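**Q** File final38.txt follows (compact mmCIF, C-alpha atoms):
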# COMPACT_ATOMS: atom_id res chain seq x y z
CA MET A 1 -11.08 -9.96 -1.66
CA GLN A 2 -8.02 -11.82 -0.45
CA LEU A 3 -8.83 -10.95 3.15
CA HIS A 4 -11.93 -13.15 2.99
CA THR A 5 -10.31 -16.47 2.10
CA PRO A 6 -10.41 -19.27 4.71
CA GLN A 7 -6.67 -19.08 5.27
CA ILE A 8 -6.82 -15.37 5.93
CA GLN A 9 -9.84 -15.73 8.21
CA GLN A 10 -7.90 -18.30 10.20
CA GLN A 11 -4.94 -15.95 10.55
CA LEU A 12 -7.24 -13.15 11.64
CA THR A 13 -8.75 -15.43 14.27
CA GLU A 14 -5.33 -16.42 15.57
CA LEU A 15 -4.42 -12.73 15.95
CA ASP A 16 -7.92 -11.89 17.22
CA ALA A 17 -7.84 -9.19 14.54
CA ARG A 18 -10.72 -7.56 12.74
CA ILE A 19 -11.36 -5.58 9.58
CA VAL A 20 -13.39 -2.42 9.12
CA VAL A 21 -14.20 -1.43 5.56
CA VAL A 22 -15.08 2.24 5.11
CA SER A 23 -17.05 3.48 2.12
CA PHE A 24 -18.26 6.97 1.33
CA ALA A 25 -21.39 5.59 -0.33
CA PRO A 26 -24.73 6.17 1.42
CA LEU A 27 -25.62 3.45 3.93
CA GLU A 28 -28.41 1.96 1.82
CA GLU A 29 -26.13 1.73 -1.21
CA LEU A 30 -23.47 0.00 0.88
CA ARG A 31 -26.06 -2.43 2.25
CA ASP A 32 -26.95 -3.35 -1.35
CA TRP A 33 -23.32 -3.60 -2.41
CA VAL A 34 -22.12 -6.02 0.28
CA PRO A 35 -24.21 -8.99 -0.98
CA PHE A 36 -23.24 -8.09 -4.55
CA PHE A 37 -19.57 -8.18 -3.56
CA GLN A 38 -20.06 -11.42 -1.67
CA LYS A 39 -21.79 -13.15 -4.59
CA HIS A 40 -19.55 -12.00 -7.45
CA PHE A 41 -16.17 -11.87 -5.78
CA VAL A 42 -16.05 -13.87 -2.58
CA GLU A 43 -18.40 -16.78 -3.38
CA THR A 44 -16.90 -17.03 -6.85
CA TYR A 45 -13.51 -17.59 -5.25
CA TYR A 46 -14.90 -20.30 -2.97
CA GLU A 47 -16.54 -22.02 -5.95
CA GLU A 48 -13.40 -21.84 -8.07
CA GLN A 49 -11.33 -23.28 -5.26
CA LYS A 50 -14.02 -25.85 -4.39
CA LEU A 51 -14.07 -24.67 -0.79
CA GLU A 52 -16.86 -25.27 1.67
CA ARG A 53 -19.14 -22.27 2.05
CA PRO A 54 -18.97 -20.77 5.53
CA ALA A 55 -22.08 -19.67 7.39
CA ASP A 56 -20.70 -16.13 7.42
CA PHE A 57 -18.31 -14.91 4.75
CA PHE A 58 -17.36 -11.81 6.77
CA PRO A 59 -17.20 -12.97 10.41
CA ARG A 60 -14.54 -10.48 11.43
CA THR A 61 -15.48 -7.61 9.12
CA GLN A 62 -17.71 -4.58 9.53
CA PHE A 63 -18.77 -2.35 6.64
CA VAL A 64 -19.32 1.30 7.60
CA THR A 65 -20.22 4.46 5.71
CA ASP A 66 -18.61 7.90 5.76
CA PRO A 67 -20.61 9.94 3.24
CA THR A 68 -19.34 13.26 4.65
CA LEU A 69 -15.73 12.09 4.11
CA ALA A 70 -14.81 13.23 7.62
CA ALA A 71 -12.94 10.01 8.39
CA TYR A 72 -11.41 9.91 4.92
CA HIS A 73 -10.01 13.39 5.45
CA ALA A 74 -8.82 12.59 8.98
CA TYR A 75 -6.70 9.86 7.37
CA GLY A 76 -5.37 12.17 4.69
CA LEU A 77 -7.48 10.71 1.91
CA GLY A 78 -8.46 13.45 -0.50
CA ARG A 79 -8.97 13.27 -4.26
CA ASN A 80 -6.50 11.77 -6.68
CA SER A 81 -5.54 13.17 -10.06
CA VAL A 82 -7.38 12.21 -13.24
CA TRP A 83 -4.14 10.95 -14.79
CA ARG A 84 -3.50 8.51 -11.96
CA VAL A 85 -7.08 7.27 -11.82
CA TYR A 86 -7.58 6.79 -15.56
CA GLY A 87 -4.04 5.96 -16.62
CA TRP A 88 -3.15 2.94 -18.77
CA ARG A 89 -2.26 0.73 -15.78
CA ILE A 90 -5.76 1.06 -14.41
CA VAL A 91 -7.45 0.58 -17.76
CA ARG A 92 -5.43 -2.62 -18.16
CA ALA A 93 -6.46 -3.79 -14.69
CA TYR A 94 -10.13 -3.27 -15.52
CA PHE A 95 -9.74 -5.22 -18.77
CA GLN A 96 -8.18 -8.06 -16.78
CA MET A 97 -11.14 -8.06 -14.41
CA ILE A 98 -13.57 -8.15 -17.31
CA SER A 99 -11.66 -11.00 -18.94
CA ARG A 100 -12.07 -13.00 -15.72
CA GLY A 101 -15.80 -12.46 -15.85
CA ARG A 102 -15.90 -10.07 -12.92
CA PRO A 103 -18.77 -7.62 -13.27
CA ILE A 104 -17.93 -3.94 -13.35
CA LEU A 105 -20.59 -1.64 -11.99
CA ARG A 106 -21.05 1.80 -13.46
CA PRO A 107 -19.67 4.15 -10.80
CA ARG A 108 -22.21 6.49 -9.29
CA ALA A 109 -19.84 8.42 -7.06
CA ASP A 110 -16.62 10.46 -7.16
CA THR A 111 -14.15 8.18 -8.93
CA LEU A 112 -11.24 10.42 -7.92
CA GLN A 113 -11.74 9.92 -4.18
CA ARG A 114 -8.70 8.15 -2.77
CA GLY A 115 -8.75 4.96 -0.74
CA GLY A 116 -6.14 3.74 1.73
CA ASP A 117 -5.24 0.97 4.15
CA PHE A 118 -4.32 1.36 7.78
CA VAL A 119 -3.58 -1.02 10.64
CA ILE A 120 -4.11 -0.08 14.27
CA ASN A 121 -2.56 -2.01 17.13
CA ARG A 122 -3.96 -2.70 20.60
CA GLU A 123 -2.49 0.56 21.85
CA GLY A 124 -4.41 2.51 19.21
CA LEU A 125 -1.27 3.33 17.24
CA LEU A 126 -0.86 3.03 13.49
CA THR A 127 1.43 0.21 12.37
CA LEU A 128 0.54 0.60 8.69
CA ALA A 129 -0.49 3.74 6.82
CA HIS A 130 -0.74 3.16 3.10
CA VAL A 131 -2.20 5.63 0.63
CA GLY A 132 -1.65 4.27 -2.84
CA ARG A 133 -0.70 6.35 -5.85
CA ASP A 134 -3.65 4.81 -7.69
CA GLN A 135 -6.36 2.23 -7.12
CA SER A 136 -4.08 -0.70 -7.96
CA ASP A 137 -1.52 0.33 -5.35
CA ARG A 138 -2.60 -1.50 -2.20
CA PRO A 139 -0.47 -3.25 0.41
CA ASN A 140 -0.23 -6.99 -0.02
CA VAL A 141 -1.65 -9.42 2.50
CA GLU A 142 1.77 -10.12 4.01
CA GLU A 143 2.29 -6.44 4.76
CA VAL A 144 -1.10 -6.19 6.41
CA PHE A 145 -0.49 -9.22 8.61
CA ALA A 146 2.97 -8.05 9.53
CA ALA A 147 1.40 -4.80 10.72
CA LEU A 148 -1.42 -6.63 12.55
CA GLY A 149 1.20 -8.57 14.47
CA LYS A 150 3.04 -5.47 15.73
CA MET B 1 -14.89 19.66 -6.27
CA ALA B 2 -11.99 21.24 -4.34
CA ASN B 3 -9.32 18.98 -2.87
CA PRO B 4 -8.76 20.01 0.76
CA ILE B 5 -5.25 20.18 2.17
CA LEU B 6 -4.96 17.05 4.24
CA ARG B 7 -2.33 15.51 6.47
CA GLN B 8 -1.84 11.78 6.39
CA PRO B 9 -1.25 10.22 9.83
CA GLN B 10 2.02 8.32 10.07
CA VAL B 11 3.02 4.97 11.46
CA GLY B 12 3.56 5.28 15.20
CA GLU B 13 0.94 7.99 15.64
CA THR B 14 -2.43 7.54 17.32
CA ALA B 15 -5.06 6.54 14.79
CA PRO B 16 -7.62 9.31 14.25
CA ASP B 17 -10.90 8.35 15.88
CA PHE B 18 -14.28 8.15 14.18
CA THR B 19 -17.80 6.89 14.80
CA LEU B 20 -19.57 5.62 11.70
CA PRO B 21 -22.78 3.68 11.03
CA ALA B 22 -22.37 0.04 10.00
CA THR B 23 -24.52 -2.02 7.66
CA ASP B 24 -25.71 -4.17 10.57
CA GLY B 25 -27.36 -1.14 12.22
CA SER B 26 -24.67 -0.55 14.83
CA ASN B 27 -22.31 2.40 15.17
CA ILE B 28 -18.61 1.67 15.12
CA THR B 29 -16.37 3.89 17.26
CA LEU B 30 -12.78 3.21 16.36
CA SER B 31 -11.25 4.07 19.73
CA SER B 32 -13.39 1.48 21.53
CA TYR B 33 -13.41 -1.16 18.81
CA PRO B 34 -11.43 -4.37 19.42
CA LYS B 35 -7.92 -4.37 18.07
CA PRO B 36 -5.67 -5.11 16.28
CA LEU B 37 -7.67 -3.78 13.38
CA ALA B 38 -7.20 -3.30 9.66
CA VAL B 39 -9.13 -0.31 8.31
CA SER B 40 -9.58 -0.22 4.56
CA PHE B 41 -10.97 2.94 3.03
CA PHE B 42 -12.59 2.10 -0.28
CA ARG B 43 -12.71 4.20 -3.36
CA HIS B 44 -16.07 4.31 -5.10
CA LEU B 45 -18.01 1.03 -5.01
CA ALA B 46 -17.51 -1.07 -8.13
Could you rewrite the structure in this file as structure tokens?
**A**
Amino acid sequence: MQLHTPQIQQQLTELDARIVVVSFAPLEELRDWVPFFQKHFVETYYEEQKLERPADFFPRTQFVTDPTLAAYHAYGLGRNSVWRVYGWRIVRAYFQMISRGRPILRPRADTLQRGGDFVINREGLLTLAHVGRDQSDRPNVEEVFAALGK
Amino acid sequence: MANPILRQPQVGETAPDFTLPATDGSNITLSSYPKPLAVSFFRHLA
């Protein structure tokens, strides 16, 4: 969500950088999810911060699907353990989301499938390769921008 | 569901290429996509 704030969009523009979000959900499900995500997470932020709504909330972002997991596997992203996915840290994080009024959808897919964050420079080389130990373990924005600038 | 043995690419290596369909109807091929680029692989949608 942080990557869609005005400040971050400005930094992306200055670097001429882009974002690709990969999901293993079917394309139609992802098409339905993007406006849901925009309404409940991105627009909510803009409203809370009293920011002007842009014409396009995701001007430098593409959402793509990988239902066969071929790209996931190419990036080393297999399945995580049950203990890491459903441990107390994650349960606490979900309670925090609920307390902030963020809706939680019932998952319809493999909840053990890992995610990860990567940054690729103009030469096609990886400058960031982060596979978290659990879903709360993601690089912070500063790390991502440091890698985008390399 | 079996967990395949996978190798994670490292910093400094060439990013593995892929071509995937996007929600806007286009196909995104990583190797020809403008860079620099942040690629975020999601877990299940929530």
**Q** Have a look at B:Pro9, B:Pro21, B:Pro16, B:Pro34 and name the one nearest to Pro26 of chain A; count only C-alpha atoms.
**A**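 With only C-alpha atoms as the atom set, the closest residue is B:Pro21.
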**Q** What lies within 12 Å of Leu37 of chain B using all atoms listed in the file, ignoring chain neighbours under 3 positions off, as an MDAnalysis selection string?
**A** (chainID A and resid 12:13 15:21 60:62 117:128 144:145 147:150) or (chainID B and resid 15 30:34 40)
**Q** Contacts from chain B to chain A, 7 Å maximum, all atoms listed in the file: show me the residue list as a ChimeraX atom specification.
**A** /B:3-4,6-16,18,20-23,35-46
**Q** Could you state the separation of atom CA of Tyr45 of chain A and atom CA of Tyr86 of chain A in Å, given to one decimal place?
**A**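 Atom CA of Tyr86 of chain A lies 27.1 Å from atom CA of Tyr45 of chain A.
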**Q** If you measure from atom CA of Gly87 of chain A to atom CA of Asp134 of chain A, what distance in Å do you get, rounded to one decimal?
**A**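 Atom-to-atom, atom CA of Gly87 of chain A to atom CA of Asp134 of chain A, that is 9.0 Å.
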**Q** Could you please determine the separation between atom CA of Gly25 of chain B and atom CA of Thr68 of chain A in Å, to one decimal place?
**A**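 Separation of atom CA of Gly25 of chain B and atom CA of Thr68 of chain A: 18.1 Å.
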**Q** Please enclose the listed atoms of segment 35-51 of chain A in an axis-aligned box, pad each side by 4 Å, and write out the centre and the three edge lengths in Å, rounded to one decimal, as AutoDock Vina command-line options.
**A**
--center_x -17.8 --center_y -17.0 --center_z -4.4 --size_x 20.9 --size_y 25.8 --size_z 15.3
**Q** Because the input lacks atoms here, generate N, CA and C atoms for segment 14-37 of chain B and report them as an mmCIF file, in the frame of the given file.
**A**
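New file part.cif:
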data_model
loop_
_atom_site.group_PDB
_atom_site.id
_atom_site.type_symbol
_atom_site.label_atom_id
_atom_site.label_comp_id
_atom_site.auth_asym_id
_atom_site.auth_seq_id
_atom_site.Cartn_x
_atom_site.Cartn_y
_atom_site.Cartn_z
ATOM 1 N N THR B 14 -1.107 8.024 16.917
ATOM 2 C CA THR B 14 -2.430 7.540 17.320
ATOM 3 C C THR B 14 -3.390 7.629 16.143
ATOM 4 N N ALA B 15 -4.108 6.562 15.902
ATOM 5 C CA ALA B 15 -5.060 6.540 14.790
ATOM 6 C C ALA B 15 -6.189 7.539 15.056
ATOM 7 N N PRO B 16 -6.503 8.382 14.081
ATOM 8 C CA PRO B 16 -7.620 9.310 14.250
ATOM 9 C C PRO B 16 -8.907 8.544 14.549
ATOM 10 N N ASP B 17 -9.677 9.044 15.475
ATOM 11 C CA ASP B 17 -10.900 8.350 15.880
ATOM 12 C C ASP B 17 -12.061 8.717 14.970
ATOM 13 N N PHE B 18 -13.028 7.842 14.890
ATOM 14 C CA PHE B 18 -14.280 8.150 14.180
ATOM 15 C C PHE B 18 -15.389 7.262 14.720
ATOM 16 N N THR B 19 -16.608 7.696 14.519
ATOM 17 C CA THR B 19 -17.800 6.890 14.800
ATOM 18 C C THR B 19 -18.639 6.896 13.543
ATOM 19 N N LEU B 20 -18.859 5.723 12.976
ATOM 20 C CA LEU B 20 -19.570 5.620 11.700
ATOM 21 C C LEU B 20 -20.621 4.525 11.756
ATOM 22 N N PRO B 21 -21.739 4.704 11.028
ATOM 23 C CA PRO B 21 -22.780 3.680 11.030
ATOM 24 C C PRO B 21 -22.377 2.471 10.182
ATOM 25 N N ALA B 22 -22.681 1.297 10.690
ATOM 26 C CA ALA B 22 -22.370 0.040 10.000
ATOM 27 C C ALA B 22 -23.615 -0.541 9.350
ATOM 28 N N THR B 23 -23.410 -1.436 8.402
ATOM 29 C CA THR B 23 -24.520 -2.020 7.660
ATOM 30 C C THR B 23 -25.395 -2.913 8.533
ATOM 31 N N ASP B 24 -24.894 -3.323 9.694
ATOM 32 C CA ASP B 24 -25.710 -4.170 10.570
ATOM 33 C C ASP B 24 -26.556 -3.337 11.533
ATOM 34 N N GLY B 25 -26.538 -2.011 11.377
ATOM 35 C CA GLY B 25 -27.360 -1.140 12.220
ATOM 36 C C GLY B 25 -26.635 -0.576 13.424
ATOM 37 N N SER B 26 -25.432 -1.049 13.685
ATOM 38 C CA SER B 26 -24.670 -0.550 14.830
ATOM 39 C C SER B 26 -23.861 0.689 14.430
ATOM 40 N N ASN B 27 -23.280 1.332 15.419
ATOM 41 C CA ASN B 27 -22.310 2.400 15.170
ATOM 42 C C ASN B 27 -20.956 1.920 15.635
ATOM 43 N N ILE B 28 -19.963 2.115 14.810
ATOM 44 C CA ILE B 28 -18.610 1.670 15.120
ATOM 45 C C ILE B 28 -17.770 2.867 15.534
ATOM 46 N N THR B 29 -17.290 2.854 16.780
ATOM 47 C CA THR B 29 -16.370 3.890 17.260
ATOM 48 C C THR B 29 -14.980 3.276 17.316
ATOM 49 N N LEU B 30 -14.091 3.823 16.531
ATOM 50 C CA LEU B 30 -12.780 3.210 16.360
ATOM 51 C C LEU B 30 -12.023 3.062 17.675
ATOM 52 N N SER B 31 -12.056 4.081 18.505
ATOM 53 C CA SER B 31 -11.250 4.070 19.730
ATOM 54 C C SER B 31 -11.679 2.964 20.688
ATOM 55 N N SER B 32 -12.925 2.535 20.621
ATOM 56 C CA SER B 32 -13.390 1.480 21.530
ATOM 57 C C SER B 32 -13.574 0.146 20.825
ATOM 58 N N TYR B 33 -13.229 0.075 19.571
ATOM 59 C CA TYR B 33 -13.410 -1.160 18.810
ATOM 60 C C TYR B 33 -12.245 -2.102 19.094
ATOM 61 N N PRO B 34 -12.514 -3.416 19.139
ATOM 62 C CA PRO B 34 -11.430 -4.370 19.420
ATOM 63 C C PRO B 34 -10.284 -4.265 18.421
ATOM 64 N N LYS B 35 -9.102 -4.431 18.906
ATOM 65 C CA LYS B 35 -7.920 -4.370 18.070
ATOM 66 C C LYS B 35 -7.004 -5.565 18.363
ATOM 67 N N PRO B 36 -6.094 -5.909 17.424
ATOM 68 C CA PRO B 36 -5.670 -5.110 16.280
ATOM 69 C C PRO B 36 -6.720 -5.090 15.171
ATOM 70 N N LEU B 37 -6.617 -4.058 14.347
ATOM 71 C CA LEU B 37 -7.670 -3.780 13.380
ATOM 72 C C LEU B 37 -7.068 -3.279 12.075
#
